[in-house]
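*Asks:* Have a look at the structure that comes next, please.
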Amino acid sequence: MAKSVEDLPYIPLMSESSAVNKTGVWRVIKPIVDQEECNQCYICWKFCPDVAIHIDEEGSILIDYDHCKGCGICEAVCPKKCIEMVKEE
Amino acid sequence: MIQIRFHGRGGQGSVVASNILAAAAFLEEKWVQSFPFFGVERRGAPVTAYTKIDDKPIWDRSEITDPDYVIVLDASLVAVVDVTNGLKENGMVLLNSESKPEDIELGDSFRIATVDATEVAVAHGLGSKSAPIVNSSILGAFSKASGEVDIKSIEASILKMAPAKHKENAAAALEAYEKVQF
Amino acid sequence: MPMDVMTGNSAQAYGAKLARAEVVAAYPITPQTTVVEKLADLVASGEMKAQFIKVESEHSAMAACIAASATGARAYTATAAHGLALMHEMLIWAAGSRLPIVMGNINRAMAPPWSVWADYQDSIAERDTGWMQFYCQSSQEVLDTVIQAYKVAENHDVLIPAMVMEDAFYLSHTFEPVDVPPQKDVDDFLPPYDPPVKLDVDNPVGLCALVPPDHYMEFRFKIAKAMEDSRKVIQEVDEEWEKKFGRSHGGLVERYRMEDADAAIIAAGTMSSTARVAIDNMRDKGKKVGLARLRVFRPFPYEEIRQIAKEVDSIGVLDRSYTFGHGGAFYTETAGALYQAPERPHVKNYVIGIGGRDIPPKDIEGILEKVLTKEDGGEVEWFGLRTSGSREVN
């Protein structure tokens with residue numbers, strides 16, 4: 001909803017972090033990790049441009065599907081070829 | 001208003017001299033203004049600077065074209081620059097020169113004063129013979145020859161504002177005050 | 001430190017010191033260099049408590065000031081000519097971010113031809129960036145205006161950065177008496193900056209967000225409104241200054257001998273100081289002439305100009321810069337303001353003092369004679385141009 005001059009602050013402010021912007025809906029293909037094959041090198045974690053790959057308590061790769069845009073970089077950099085981009089249903 | 005124009009060479013301290021003279025007159029509760037004609041100043045190149053002194057605030061910010069006094073920090077400039085240009089009739093030219101005033105040929109309509117400021121400066125360790133820093137000496141001479149600003153004010157301003165060798169500069173001014181001929 | 005003799009550039013530096021600027025980021029350029037040297041000395045000696053940031057360009061200097069100001073620090077810089085031009089992009093960022101940065105600009109001609117002398121093209125070219133512009137006529141006004149500018153800029157109805165202009169050499173390197181007010185009195189006049197929003201790790205916010213077309217216009221309107229509201233604040237701050245320090249600089253437009261004047265000139269900077277002498281000389285001859293000094297060019301004082309139009313039959317507008325294509329900016333803005341005025345006197349533009357050419361009182365007297373006689377024959381004259389042809393552009 002567009003706001004009027006009176007309702008807007010004096011400068012454009014972002015009071016919330018960009019985490020509230022769920023960019024996961026932009027995705028048409030999604031990365032699936034084969035956890036059996038993955039040796040936890042974390043190269044995908046380092047390369048993910050959206051910080052949408054996390055490492056869980058056990059050290060496993062965890063994809064944040066709320067924010068992953070499905071760019072496929074993780075699949076491209078994975079040396080074990082254990083990430084596969086599959087079509088969104 | 002009293003208007004003084006300085007002619008010097010880059011490195012001799014003409015701009016600093018114009019400021020010290022203004023500060024000295026300011027100590028005597030005058031309104032003052034001094035500024036350089038800023039050219040592409042390099043060591044040895046001709047430099048012009050101005051000082052204005054008045055009993056009331058000085059609003060005119062234009063260059064001095066009809067000075068009451070012309071101060072020449074290097075006598076060899078007379079051959080290169082028209083130092084008396086616009087100088088008022090009976091105005092005074094103060095030259096850094098070994099010559100006596102009567103031997104200086106600048107026409108009959110001006111008063112001439114001379115002082116060997118180079119000798120005085122070098123004797124006080126201010127610069128070298130080829131590049132003497134004569135500004136403090138010439139100001140001492142100006143105080144006596146013009147009678148416009150007291151030597152005590154010149155001395156106080158030199159002690160406050162000289163970039164280095166404060167005591168030597170002040171002593172040079174006092175010596176030139178005694179030696180100036182006019 | 002009461003009355004002392006100093007240059008306009010020292011006055012600029014003392015203004016920043018007395019205003020307790022907390023961050024100084026600057027890059028040296030003739031004829032601004034001695035402002036930065038003086039501030040560096042003051043910070044190095046501990047006399048001024050500020051972060052002095054050495055940067056590799058003017059673009060970076062303004063970027064550093066923007067970052068500092070965004071954290072709530074009082075930021076200061078100074079530049080001239082090509083340095084200001086290099087800052088252009090960052091000037092718009094500073095104004096759009098509504099950061100009350102104060103900057104000294106030593107008005108210097110733009111090259112080529114290469115020049116280091118007084119000319120207003122540098123700041124006139126930044127007219128549309130959203131910065132307030134003050135033009136000074138004395139070193140005293142420079143010192144006072146730097147402090148005033150912070151008070152205006154930091155007012156929550158304004159929050160717009162300000163440039164404080166000095167003419168190259170005619171002020172920057174001119175040594176003259178300046179009253180340096182006590183720090184305590186300046187502290188009473190100018191409280192610490194209280195930003196409505198600032199970058200703070202404990203309360204994170206994002207500044208300068210992307211704004212789509214349905215909001216950009218509203219944010220730009222807010223800048224327009226703040227600039228409009230600054231008029232009243234500029235006037236009030238100068239009045240408050242006069243009460244406290246005993247001297248006014250005229251608010252937006254300073255009038256000199258305008259009582260019963262038939263003709264007036266509009267001018268800014270040091271030429272308006274010299275113009276007082278010309279006007280006194282003309283008045284001595286019984287000629288009714290006066291001066292309206294544009295102390296502030298942004299916001300443009302259109303109400304004051306319309307008032308002058310009611311009082312005189314003829315106005316000459318003196319510009320120390322030229323907007324290639326049509327007239328000097330002071331002239332086109334004056335003429336633009338007068339179109340909406342109930343009275344429209346004769347108006348002509350005189351382009352003068354370009355590239356630091358000296359302006360003696362007799363030149364201004366020559367212009368005043370022409371203004372009095374409503375001399376026709378063109379809209380824009382390049383006064384003092386050496387030519388065998390016409391001095392009229394159009």
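The chains in the structure tokens are called A, B, ... from first to last as shown; in each chain the residues are counted from 1, and the ligands are counted from 1 in the order shown.
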Do a neighbour search on Val25 in chain A at 9 Å with only C-alpha atoms, toss out local chain neighbours closer than 5 positions, and write the hits as a list of chain:residue names.
*Replies:* A:Tyr65, A:Asp66, A:His67, A:Cys68, A:Lys69
*Asks:* Please produce an output containing N, CA and C atoms for each residue in the selection, written as a compact mmCIF listing (two decimals), in the first residue's frame.
*Replies:*
```
# COMPACT_ATOMS: atom_id res chain seq x y z
N TYR A 65 15.31 -22.85 2.51
CA TYR A 65 14.43 -22.71 1.35
C TYR A 65 13.57 -21.45 1.40
N ASP A 66 13.53 -20.79 2.55
CA ASP A 66 12.79 -19.51 2.63
C ASP A 66 13.51 -18.42 1.84
N HIS A 67 14.82 -18.58 1.69
CA HIS A 67 15.60 -17.53 1.04
C HIS A 67 16.34 -17.96 -0.20
N CYS A 68 16.59 -19.27 -0.38
CA CYS A 68 17.29 -19.78 -1.58
C CYS A 68 16.48 -19.42 -2.82
N LYS A 69 17.18 -18.73 -3.79
CA LYS A 69 16.50 -18.32 -5.02
C LYS A 69 16.66 -19.35 -6.13
```
*Asks:* Could you produce a table of the residues of chain A lying within 8 Å of chain C, with the nearest pair of atoms per residue and their separation in Å rounded to one decimal, using only C-alpha atoms, ordered by chain and increasing residue number, as a Markdown table?
*Replies:*
```
| residue | atom | partner | partner_atom | distance |
| --- | --- | --- | --- | --- |
| A:Ala2 | CA | C:Asp214 | CA | 6.1 |
| A:Lys3 | CA | C:His215 | CA | 7.2 |
| A:Ser4 | CA | C:Glu218 | CA | 7.0 |
| A:Val5 | CA | C:Glu218 | CA | 5.3 |
| A:Leu8 | CA | C:Phe219 | CA | 7.9 |
| A:Tyr10 | CA | C:Lys222 | CA | 6.8 |
| A:Ile11 | CA | C:Ser97 | CA | 6.4 |
| A:Pro12 | CA | C:Cys208 | CA | 5.6 |
| A:Leu13 | CA | C:Leu207 | CA | 5.1 |
| A:Met14 | CA | C:Gly206 | CA | 4.5 |
| A:Ser15 | CA | C:Val205 | CA | 4.8 |
| A:Glu16 | CA | C:Val205 | CA | 7.0 |
| A:Ser17 | CA | C:Gly206 | CA | 7.9 |
```
*Asks:* With a cut-off of 7 Å, could you pull out the residues of chain B touching chain C and give me the nearest pair of atoms for each, distance in Å to one decimal, using only C-alpha atoms, ordered by chain and ascending number, as a tab-separated table?
*Replies:*
```
residue	atom	partner	partner_atom	distance
B:Asn19	CA	C:Phe175	CA	6.4
B:Ala23	CA	C:Val5	CA	6.3
B:Val32	CA	C:Glu176	CA	5.7
B:Gln33	CA	C:Glu176	CA	4.8
B:Ser34	CA	C:Phe175	CA	5.1
B:Phe35	CA	C:Thr174	CA	4.5
B:Trp59	CA	C:Ser273	CA	5.2
B:Asp60	CA	C:Thr274	CA	4.2
B:Arg61	CA	C:Thr274	CA	5.5
B:Ser62	CA	C:Pro360	CA	5.1
B:Glu63	CA	C:Asp358	CA	6.8
```
*Asks:* Using only C-alpha atoms, please write the residues we just selected to a file, as a JSON list (two decimals), in the first residue's frame.
*Replies:*
```json
[["chain", "number", "residue", "atom", "x", "y", "z"],
["B", 19, "ASN", "CA", 50.78, 40.04, 6.94],
["B", 23, "ALA", "CA", 49.29, 42.58, 12.31],
["B", 32, "VAL", "CA", 43.89, 46.21, 8.35],
["B", 33, "GLN", "CA", 43.75, 44.01, 5.29],
["B", 34, "SER", "CA", 46.62, 42.23, 3.56],
["B", 35, "PHE", "CA", 46.67, 39.76, 0.72],
["B", 59, "TRP", "CA", 35.32, 47.20, 2.71],
["B", 60, "ASP", "CA", 37.22, 47.69, -0.55],
["B", 61, "ARG", "CA", 38.72, 44.29, -1.37],
["B", 62, "SER", "CA", 40.24, 45.21, -4.72],
["B", 63, "GLU", "CA", 43.95, 45.27, -5.47]]
```
*Asks:* I want to know what sits within 7 Å of Ala24 in chain B, based on only C-alpha atoms, with residues of the same chain fewer than 3 positions away left out; could you give that as a ChimeraX atom specification?
*Replies:* /B:20-21,27-28,153-154,157
*Asks:* Tell me, in Å to one decimal, how far CA of Ile151 in chain B is from CA of Val115 in chain B.
*Replies:*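 Going from CA of Ile151 in chain B over to CA of Val115 in chain B covers 15.5 Å.
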*Asks:* What lies within 9 Å of Cys78 in chain A using only C-alpha atoms, ignoring chain neighbours under 3 positions off, as a PDB file with C-alpha atoms, in the first residue's frame?
*Replies:*
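File part_23.pdb, as written:
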```pdb
ATOM      1  CA  CYS A  41      33.660 -29.591   2.671  1.00  0.00           C
ATOM      2  CA  TYR A  42      31.374 -26.486   2.911  1.00  0.00           C
ATOM      3  CA  ILE A  43      32.427 -25.066  -0.450  1.00  0.00           C
ATOM      4  CA  CYS A  44      28.721 -24.565  -1.298  1.00  0.00           C
ATOM      5  CA  ILE A  73      25.801 -22.094  -7.839  1.00  0.00           C
ATOM      6  CA  CYS A  74      26.007 -24.707  -5.072  1.00  0.00           C
ATOM      7  CA  GLU A  75      25.429 -27.468  -7.610  1.00  0.00           C
ATOM      8  CA  LYS A  81      28.478 -33.676  -7.375  1.00  0.00           C
ATOM      9  CA  CYS A  82      26.101 -34.392  -4.509  1.00  0.00           C
ATOM     10  CA  ILE A  83      23.837 -31.348  -5.000  1.00  0.00           C
TER      11      ILE A  83
END
```
*Asks:* Would you list, as a list in words, the residues of range 124-157 of chain B that end up in helix (DSSP H, G or I) under DSSP run on this structure's backbone?
*Replies:*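 So, restricting range 124-157 of chain B to helix (DSSP H, G or I), we get Asn135, Ser136, Ser137, Ile138, Leu139, Gly140, Ala141, Phe142, Ser143, Lys144, Ala145, Ser146, Ile151, Lys152, Ser153, Ile154, Glu155, Ala156 and Ser157 of chain B.
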*Asks:* Neighbours of Phe52 in chain C within 9 Å (only C-alpha atoms; same-chain residues fewer than 3 positions away dropped), as a list of chain:residue names?
*Replies:*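 Skipping anything fewer than 3 positions along the chain leaves C:Glu22, C:Val23, C:Val24, C:Ala25, C:Ala26, C:Leu39, C:Ala40, C:Val43, C:Ala44.
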*Asks:* Mind checking which residues fall within 6 Å of Ala78 in chain C, counting only C-alpha atoms, ignoring those fewer than 5 positions away in the same chain, and posting them as a PyMOL selection string?
*Replies:* chain C and resi 103-105
*Asks:* As an exercise, work out the distance from CA of Asp284 in chain C to CA of Asn349 in chain C in Å and give it to one decimal place.
*Replies:* 25.2 Å
*Asks:* In terms of the shortest atom-to-atom distance over only C-alpha atoms, which of C:Val289, C:Tyr322, C:Met132, C:Val317 is closest to Leu252 in chain C?
*Replies:*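 Nearest to Leu252 in chain C: C:Met132.
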*Asks:* Using only C-alpha atoms, which residues sit within 12 Å of Leu174 in chain B once same-chain residues fewer than 6 positions away are excluded, as a ChimeraX atom specification?
*Replies:* /B:117,120-121,124,136-144,150-156,158,167-168,180
*Asks:* Between CA of Ala21 in chain C and CA of Arg74 in chain C, measure the distance and give it in Å to one decimal.
*Replies:*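 For CA of Ala21 in chain C relative to CA of Arg74 in chain C, the distance reads 5.0 Å.
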*Asks:* May I have all residues of chain A that DSSP, computed from the backbone, assigns to strand (DSSP E), given as a ChimeraX atom specification?
*Replies:* /A:13-14,29-33,53-55,61-63,83-87
